Structure formats: C-alpha cells, structure tokens
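See below for final-v8.cif, which holds mmCIF, C-alpha atoms and all ligand atoms.
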data_input
loop_
_atom_site.label_atom_id
_atom_site.label_comp_id
_atom_site.auth_asym_id
_atom_site.auth_seq_id
_atom_site.Cartn_x
_atom_site.Cartn_y
_atom_site.Cartn_z
CA MET A 675 -35.38 -1.97 25.51
CA GLU A 676 -33.80 -2.38 22.11
CA ILE A 677 -30.18 -3.41 22.40
CA GLN A 678 -29.13 -0.53 20.12
CA LYS A 679 -30.63 1.99 22.50
CA ILE A 680 -28.98 0.41 25.55
CA LYS A 681 -25.67 0.66 23.72
CA ARG A 682 -26.26 4.36 23.04
CA VAL A 683 -27.05 5.05 26.72
CA ARG A 684 -23.84 3.19 27.66
CA LYS A 685 -21.87 5.23 25.12
CA ILE A 686 -23.19 8.48 26.62
CA ILE A 687 -22.27 7.36 30.14
CA PHE A 688 -18.79 6.45 28.88
CA GLU A 689 -18.43 9.86 27.22
CA VAL A 690 -19.52 11.63 30.43
CA SER A 691 -16.85 9.77 32.39
CA GLU A 692 -14.23 10.57 29.74
CA VAL A 693 -15.09 14.29 29.79
CA ALA A 694 -15.22 14.31 33.61
CA ASP A 695 -11.59 13.17 33.51
CA TYR A 696 -10.66 15.97 31.07
CA LEU A 697 -12.32 18.55 33.35
CA TRP A 698 -10.39 17.24 36.34
CA GLN A 699 -7.09 17.05 34.42
CA ARG A 700 -7.46 20.64 33.24
CA GLY A 701 -7.93 21.88 36.79
CA TRP A 702 -11.48 23.03 36.09
CA ALA A 703 -13.13 20.71 38.60
CA GLU A 704 -11.83 21.32 42.11
CA ARG A 705 -13.56 19.25 44.78
CA ASN A 706 -17.20 18.81 43.67
CA ALA A 707 -17.11 21.58 41.07
CA GLY A 708 -19.11 21.17 37.91
CA ASN A 709 -22.01 19.03 36.80
CA ILE A 710 -23.25 17.33 33.64
CA SER A 711 -26.70 16.30 32.45
CA VAL A 712 -27.96 14.52 29.34
CA ASN A 713 -31.55 14.14 28.20
CA ILE A 714 -31.63 10.42 27.35
CA ASN A 715 -35.37 10.22 26.85
CA HIS A 716 -35.08 9.48 23.11
CA LEU A 717 -33.06 6.38 24.04
CA ILE A 718 -35.65 4.90 26.39
CA ASN A 719 -38.50 2.92 24.88
CA ASP A 720 -42.12 3.06 25.93
CA ASP A 721 -41.89 -0.62 26.80
CA PHE A 722 -39.31 0.14 29.49
CA LYS A 723 -41.51 -0.50 32.49
CA ILE A 724 -40.44 0.04 36.06
CA LYS A 725 -42.48 0.12 39.22
CA LEU A 726 -42.20 3.85 39.83
CA ASN A 727 -43.70 3.67 43.30
CA ASP A 728 -40.64 1.74 44.43
CA TYR A 729 -38.59 4.92 44.11
CA PRO A 730 -38.99 8.04 46.26
CA SER A 731 -40.41 11.12 44.59
CA TYR A 732 -38.83 14.57 44.98
CA LYS A 733 -40.96 17.64 44.42
CA LEU A 734 -39.40 20.47 42.44
CA SER A 735 -40.06 24.11 43.30
CA LYS A 736 -40.90 24.80 39.67
CA THR A 737 -42.70 22.90 36.91
CA TYR A 738 -40.94 21.89 33.70
CA PRO A 739 -43.86 20.91 31.42
CA ALA A 740 -41.77 20.03 28.36
CA LEU A 741 -39.84 17.48 30.46
CA ALA A 742 -42.98 15.67 31.65
CA GLY A 743 -42.33 11.92 31.84
CA MET A 744 -38.76 12.24 30.53
CA TYR A 745 -35.58 10.43 31.59
CA LEU A 746 -32.40 12.39 32.26
CA PHE A 747 -28.89 11.37 33.26
CA VAL A 748 -27.61 13.83 35.88
CA THR A 749 -24.44 13.97 37.99
CA GLY A 750 -24.87 13.81 41.75
CA THR A 751 -24.65 16.62 44.26
CA GLY A 752 -21.34 16.81 46.11
CA LYS A 753 -19.78 14.30 43.71
CA ARG A 754 -16.29 14.80 42.34
CA MET A 755 -15.50 14.84 38.62
CA ARG A 756 -12.42 12.72 39.27
CA ASP A 757 -14.66 10.06 40.86
CA LEU A 758 -17.26 10.37 38.11
CA ALA A 759 -14.47 9.63 35.65
CA LYS A 760 -13.75 6.32 37.37
CA ASP A 761 -17.26 5.22 38.28
CA PRO A 762 -20.04 7.20 36.59
CA LEU A 763 -22.91 5.15 37.98
CA LYS A 764 -21.84 5.72 41.58
CA ASN A 765 -21.56 9.47 41.02
CA ALA A 766 -24.50 10.20 38.73
CA LEU A 767 -28.12 9.14 38.48
CA ILE A 768 -30.98 8.63 36.10
CA ILE A 769 -34.12 10.54 37.00
CA LYS A 770 -37.62 10.20 35.61
CA MET A 771 -39.81 13.29 35.69
CA ASN A 772 -43.46 12.90 36.68
CA SER A 773 -46.30 13.45 34.23
CA GLU A 774 -46.54 17.17 35.05
CA GLY A 775 -42.80 17.86 35.14
CA SER A 776 -43.11 19.01 38.75
CA ALA A 777 -41.27 16.17 40.54
CA TYR A 778 -38.78 13.41 39.77
CA ARG A 779 -37.86 9.95 40.92
CA ILE A 780 -34.31 8.62 41.01
CA ILE A 781 -34.61 5.32 39.20
CA SER A 782 -30.97 4.31 38.98
CA GLN A 783 -30.47 3.59 42.65
CA LYS A 784 -31.77 0.50 44.36
CA LYS A 785 -35.34 0.60 45.58
CA ARG A 786 -35.83 3.22 48.29
CA GLY A 787 -32.12 3.06 49.04
CA HIS A 788 -31.27 6.39 47.39
CA LYS A 789 -27.89 7.63 48.51
CA PHE A 790 -27.49 11.03 46.91
CA LEU A 791 -29.49 13.64 45.05
CA PRO A 792 -28.88 15.35 41.69
CA THR A 793 -26.50 18.29 41.31
CA SER A 794 -27.09 21.53 43.23
CA GLU A 795 -27.38 23.23 39.82
CA LEU A 796 -30.44 21.14 38.93
CA PRO A 797 -32.67 24.26 38.45
CA THR A 798 -30.42 25.49 35.63
CA HIS A 799 -30.01 22.05 34.05
CA LEU A 800 -33.76 21.38 34.08
CA LEU A 801 -34.71 24.82 32.79
CA ILE A 802 -32.25 24.48 29.91
CA HIS A 803 -33.48 20.96 29.04
CA ASN A 804 -37.07 22.18 29.28
CA LYS A 805 -36.35 24.94 26.77
CA LEU A 806 -34.53 22.51 24.45
CA ALA A 807 -37.34 19.95 24.67
CA GLU A 808 -39.95 22.65 23.90
CA SER A 809 -38.29 23.27 20.55
CA ASN A 810 -37.47 19.61 19.83
CA SER A 811 -33.82 20.57 19.78
CA SER A 812 -31.14 18.03 18.92
CA ASN A 813 -29.08 19.48 21.78
CA LYS A 814 -29.33 17.00 24.66
CA VAL A 815 -26.19 17.73 26.69
CA VAL A 816 -25.51 20.40 29.33
CA ILE A 817 -22.05 20.79 30.91
CA HIS A 818 -21.17 23.14 33.76
CA THR A 819 -17.53 23.54 34.75
CA HIS A 820 -15.24 26.07 36.46
CA THR A 821 -12.92 26.90 33.57
CA ASN A 822 -10.10 28.96 35.11
CA GLU A 823 -9.23 30.93 31.99
CA LEU A 824 -12.85 31.97 31.41
CA VAL A 825 -13.62 32.72 35.05
CA ALA A 826 -10.46 34.86 35.22
CA LEU A 827 -11.76 37.04 32.38
CA THR A 828 -14.93 37.76 34.35
CA GLN A 829 -12.82 39.03 37.25
CA ILE A 830 -11.90 41.95 34.96
CA ARG A 831 -14.76 44.46 34.89
CA GLU A 832 -13.95 45.50 31.33
CA TYR A 833 -14.63 41.94 30.13
CA CYS A 834 -17.97 41.57 31.91
CA ASN A 835 -19.50 42.52 28.61
CA GLU A 836 -20.70 40.20 25.87
CA GLU A 837 -19.37 42.23 22.96
CA LYS A 838 -15.91 42.61 24.47
CA LEU A 839 -15.73 38.95 25.42
CA ASN A 840 -16.68 37.69 21.99
CA LYS A 841 -14.32 40.08 20.22
CA LEU A 842 -11.55 38.65 22.39
CA PHE A 843 -12.56 34.98 21.86
CA PHE A 844 -12.95 35.32 18.08
CA GLY A 845 -9.82 37.41 17.74
CA MET A 846 -7.41 35.12 19.59
CA HIS A 847 -7.81 31.97 17.52
CA PRO A 848 -9.40 31.16 14.13
CA GLU A 849 -11.02 27.94 15.44
CA THR A 850 -13.26 29.83 17.82
CA ILE A 851 -15.61 31.42 15.31
CA ILE A 852 -15.83 28.10 13.44
CA PHE A 853 -16.72 25.91 16.43
CA VAL A 854 -18.44 28.45 18.68
CA PRO A 855 -20.06 30.63 15.99
CA ARG A 856 -22.72 32.04 18.31
CA GLY A 857 -20.12 33.12 20.85
CA VAL A 858 -20.76 33.29 24.59
CA GLY A 859 -23.53 34.93 26.53
CA PHE A 860 -22.61 36.75 29.72
CA VAL A 861 -24.52 36.12 32.97
CA GLU A 862 -23.88 38.63 35.75
CA TYR A 863 -22.97 37.23 39.15
CA SER A 864 -25.97 35.52 40.77
CA MET A 865 -26.41 32.97 43.50
CA PRO A 866 -25.25 29.50 42.37
CA GLY A 867 -28.02 26.90 42.42
CA SER A 868 -30.76 29.55 42.30
CA GLU A 869 -33.75 29.87 39.99
CA ASP A 870 -32.59 33.41 39.31
CA ILE A 871 -29.33 32.22 37.72
CA ALA A 872 -31.27 29.51 35.85
CA ASP A 873 -33.61 32.14 34.33
CA LYS A 874 -30.71 34.39 33.32
CA THR A 875 -28.80 31.46 31.81
CA VAL A 876 -31.71 30.23 29.72
CA LYS A 877 -32.24 33.76 28.43
CA VAL A 878 -28.68 34.16 27.14
CA LEU A 879 -28.72 30.63 25.68
CA GLU A 880 -31.41 31.79 23.26
CA ASN A 881 -28.60 33.45 21.30
CA HIS A 882 -25.55 31.41 22.33
CA ASP A 883 -24.51 27.83 23.07
CA VAL A 884 -22.29 28.83 25.97
CA ALA A 885 -23.19 31.00 28.97
CA LEU A 886 -20.35 32.48 31.01
CA TRP A 887 -21.25 32.97 34.66
CA GLU A 888 -19.43 35.93 36.18
CA LYS A 889 -16.81 34.84 38.76
CA HIS A 890 -17.99 31.22 38.64
CA GLY A 891 -17.84 29.12 35.45
CA VAL A 892 -19.56 28.16 32.20
CA PHE A 893 -22.70 26.35 31.09
CA ALA A 894 -22.49 24.88 27.60
CA VAL A 895 -25.15 23.12 25.55
CA GLY A 896 -24.56 20.70 22.67
CA GLU A 897 -25.58 17.59 20.77
CA SER A 898 -22.96 15.27 22.21
CA VAL A 899 -20.83 15.21 25.35
CA PRO A 900 -17.48 15.55 23.49
CA ASP A 901 -18.77 18.38 21.22
CA THR A 902 -20.07 20.31 24.21
CA PHE A 903 -16.74 19.93 26.01
CA ASP A 904 -14.86 21.03 22.86
CA MET A 905 -16.62 24.39 22.77
CA ILE A 906 -15.50 25.15 26.33
CA ASP A 907 -11.99 23.91 25.53
CA ILE A 908 -11.66 26.14 22.44
CA LEU A 909 -12.88 29.20 24.36
CA ALA A 910 -10.39 28.44 27.14
CA LYS A 911 -7.62 28.27 24.55
CA SER A 912 -8.53 31.70 23.18
CA ALA A 913 -8.51 33.12 26.71
CA ARG A 914 -5.13 31.47 27.40
CA ILE A 915 -3.57 33.02 24.31
CA PHE A 916 -4.88 36.41 25.42
CA PHE A 917 -3.44 36.03 28.93
CA MET A 918 -0.10 34.70 27.58
CA CYS A 919 0.39 37.80 25.43
CA LYS A 920 -0.61 40.03 28.33
CA SER A 921 1.72 38.32 30.78
CA ALA A 922 4.58 38.62 28.28
CA GLY A 923 3.89 42.35 28.33
CA TYR A 924 2.29 42.58 24.87
CA GLU A 925 -1.16 43.64 23.72
CA PRO A 926 -2.51 40.85 21.47
CA GLU A 927 -3.50 42.09 18.02
CA GLY A 928 -6.45 39.79 17.36
CA LEU A 929 -7.77 38.68 13.97
CA SER A 930 -8.97 41.56 11.78
CA GLU A 931 -12.58 41.99 10.63
CA THR A 932 -11.49 40.91 7.12
CA GLU A 933 -9.78 37.78 8.45
CA LEU A 934 -12.88 36.88 10.48
CA SER A 935 -15.21 37.51 7.50
CA ARG A 936 -13.13 35.18 5.35
CA LEU A 937 -13.36 32.46 8.01
CA ILE A 938 -17.14 32.92 8.18
CA SER A 939 -17.61 32.82 4.41
CA THR A 940 -15.35 29.77 4.06
CA PHE A 941 -16.49 27.61 6.98
CA LEU A 942 -19.95 28.69 8.08
O1 LIG B 1001 -21.52 21.20 41.51
O2 LIG B 1001 -20.27 23.65 40.46
O3 LIG B 1001 -22.05 25.52 40.88
C1 LIG B 1001 -20.98 22.25 42.20
C2 LIG B 1001 -21.02 23.48 41.40
C3 LIG B 1001 -22.00 24.49 41.79
ZN ZN B 1002 -20.28 25.70 39.70
#
The structure in this file should be written as structure tokens.
Ligand code: 2HA
Ligand code: ZN
Amino acid sequence: MEIQKIKRVRKIIFEVSEVADYLWQRGWAERNAGNISVNINHLINDDFKIKLNDYPSYKLSKTYPALAGMYLFVTGTGKRMRDLAKDPLKNALIIKMNSEGSAYRIISQKKRGHKFLPTSELPTHLLIHNKLAESNSSNKVVIHTHTNELVALTQIREYCNEEKLNKLFFGMHPETIIFVPRGVGFVEYSMPGSEDIADKTVKVLENHDVALWEKHGVFAVGESVPDTFDMIDILAKSARIFFMCKSAGYEPEGLSETELSRLISTFL
C-alpha cells in the first residue's frame, strides 16, 4: 500500500479515538453506548493482498451490493468509547465485505483468533454506507451516540416531530443552520439493532445528515470524523440553550424568520 494511504488510515483511526474520548467526556457514551464506522475502501489499494480464507466469514441477513468487496473500519460490539479512545485497534475492527456484499471477514484480528464482532448497530451502519456508496458520496463516516440533550427532547411528545425539532434547533443558535443546514430527521422509536430501524434511518437520511432516534440517540453522517461529531455537538448546544431557558422559567424566543433568512443568504 502507498505510504500516503497508510497515513490517511492511521489519521482516521486517530480521529475516531479522539472523538470517542469527546463522546465519553460529554456523558453521551455510558457503558458500551454508541458506535462509529468509516468506509476506508478508497484508502486501500488493489495491491493490498491478504489471504482471505485465513479469516472467518460472517454471513449477513441482508445483502449490501454497493459495498461488495469494500473495507470498513467499525467499532466492536460491547466495546466502551472510553476504551476505544485509549486503544482503538483493540476496540474496533476492519472488515472486508465479500464480492456480493452478503458477508464479511474481520481482517484486523489475528488469523482465526477473532475476539469480538462489529457493533450491534451494524445493520444501520451498513445500510447507510451502502446508500452512500451507491451515489459515490464523499460522506464516509457514520457516528451513533446517546446525546443526552437530544434524547431528552424526544421524551417530549410535542418534539417528536421533525418540523418542531428543526425550528427549535435553528432558533436556539445561529451556528446550527450554518453547520447542519439540512436539519435532523426524526425516527420513531424502533428496536435498536434491527433492520427496521436501519430502513427508517436511511429513509430520513435522504433529506438530512443527522437522524434522531426517539428515546435513544443520534446517527450522523459526514465526510470526516471531526465534522460528523461537530454536527451532533452543535445540535446538542441548541438543545441545551432551550432547556436552560426552560429551567430558568422562561420561554426561549428563538431566531426570527428574517434573522434565519439572513444567515442562509450570507453563509449558505
Ligand atoms: O453500541 O448504542 O444502540 C450500543 C448501542 C446500541
Ligand atoms: Zn445506541
């Protein structure tokens, strides 16, 4: 492999560990909460040859044709973000999809000695990457985390509504419309780890870069690990400002339509 490409894979792994630490520090990653994946296929050369048969193959219950033959970096099931921050390679893996996109091999662990599997949210991660790969998207990163401020909003029935949520996010802080211009998509409560929640998430991500899972967490998609984290962070800030006003006994005013239009015409 070209040295430049190895360096870029290393940089991504470093960024994942850095962001894992932020998620833990913010209290968004209790126990094994959250998971991160990055499609690193563009960084692996054709001349990177490994004896695939040395690694066990895991059949998937669905086929992801656009991911056929691709390499992805994925965090491990049951692994803690705070451990990922310290030692990414012991808490995440590199998988290679088979030529149909219907199974994968874990190629980052020693031959046959696999010790853990990819995240329990693999169906959602793979379906999102499949959709991104279909359209040759420059978005390669998917982050799932349990962002308290955002989850809290979805415990309020009134805010289980895309329009209401985005009005709140855009109104609480001028940065939000600039850095998360497509707003969030709302996904009603569904079983974590299921194909059902994966289907619903991919659907809302057609129009947004962040999907908010009712009573659970967020899934965000972006070009780089830090940029993807930043979107979640900015949304959390908006939600915090909203809750601070409410807990002080005030109704927050929000930015006006005119103020928002000026931001859009100036920055977007
Ligand atoms: O990785 O966050 O949704 C654990 C989870 C499941
Ligand atoms: Zn979760």
Ligand LIG 1001 (chain B) neighbours within 9 Å using only C-alpha atoms and all ligand atoms, as a list of chain:residue names: A:Ala703, A:Glu704, A:Arg705, A:Asn706, A:Ala707, A:Gly708, A:Asn709, A:Ile710, A:Thr749, A:Gly750, A:Thr751, A:Gly752, A:Lys753, A:Arg754, A:Thr793, A:Ser794, A:Glu795, A:His818, A:Thr819, A:His820, A:Pro866, A:Gly867, A:His890, A:Gly891
May I have the selected residues written with C-alpha atoms, as a PDB file, in the coordinates of the input?
ATOM      1  CA  ALA A 703     -13.130  20.710  38.600  1.00  0.00           C
ATOM      2  CA  GLU A 704     -11.830  21.320  42.110  1.00  0.00           C
ATOM      3  CA  ARG A 705     -13.560  19.250  44.780  1.00  0.00           C
ATOM      4  CA  ASN A 706     -17.200  18.810  43.670  1.00  0.00           C
ATOM      5  CA  ALA A 707     -17.110  21.580  41.070  1.00  0.00           C
ATOM      6  CA  GLY A 708     -19.110  21.170  37.910  1.00  0.00           C
ATOM      7  CA  ASN A 709     -22.010  19.030  36.800  1.00  0.00           C
ATOM      8  CA  ILE A 710     -23.250  17.330  33.640  1.00  0.00           C
ATOM      9  CA  THR A 749     -24.440  13.970  37.990  1.00  0.00           C
ATOM     10  CA  GLY A 750     -24.870  13.810  41.750  1.00  0.00           C
ATOM     11  CA  THR A 751     -24.650  16.620  44.260  1.00  0.00           C
ATOM     12  CA  GLY A 752     -21.340  16.810  46.110  1.00  0.00           C
ATOM     13  CA  LYS A 753     -19.780  14.300  43.710  1.00  0.00           C
ATOM     14  CA  ARG A 754     -16.290  14.800  42.340  1.00  0.00           C
ATOM     15  CA  THR A 793     -26.500  18.290  41.310  1.00  0.00           C
ATOM     16  CA  SER A 794     -27.090  21.530  43.230  1.00  0.00           C
ATOM     17  CA  GLU A 795     -27.380  23.230  39.820  1.00  0.00           C
ATOM     18  CA  HIS A 818     -21.170  23.140  33.760  1.00  0.00           C
ATOM     19  CA  THR A 819     -17.530  23.540  34.750  1.00  0.00           C
ATOM     20  CA  HIS A 820     -15.240  26.070  36.460  1.00  0.00           C
ATOM     21  CA  PRO A 866     -25.250  29.500  42.370  1.00  0.00           C
ATOM     22  CA  GLY A 867     -28.020  26.900  42.420  1.00  0.00           C
ATOM     23  CA  HIS A 890     -17.990  31.220  38.640  1.00  0.00           C
ATOM     24  CA  GLY A 891     -17.840  29.120  35.450  1.00  0.00           C
TER      25      GLY A 891
END
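Our summary of the geometry notes that atom CA of A:Ala740 is positioned 26.1 Å from atom CA of A:Met905.
Straight-line separation from atom CA of A:Ser939 to atom CA of A:Pro848: 12.8 Å.
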Stretch 894-898 of chain A environment, 10 Å, all atoms listed in the file, sequence neighbours closer than 4 positions dropped, as a PyMOL selection string: chain A and resi 686+689-690+710-712+799+802-803+806+811-819+858+879+882-886+902-906
Counting all atoms listed in the file, the residue of A:Glu862, A:Glu808, A:Glu888, A:Glu880 that sits nearest ligand ZN 1002 (chain B): A:Glu888
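For the residues A:Thr798, A:Lys920, A:Val693, A:Ile851, ranking by smallest atom-to-atom distance to A:Ile871 using only C-alpha atoms places A:Thr798 first.
Considering the residues A:Ile780, A:Leu796, A:Ile680, A:Ala807 and counting all atoms listed in the file, A:Glu869 has its shortest atom-to-atom contact with A:Leu796.
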Spatial neighbours of A:Lys841, 12 Å, all atoms listed in the file, chain gap at least 2 places, as a PyMOL selection string: chain A and resi 833+835-839+843-848+850-851+855-858+909+912-913+916+926-931+934
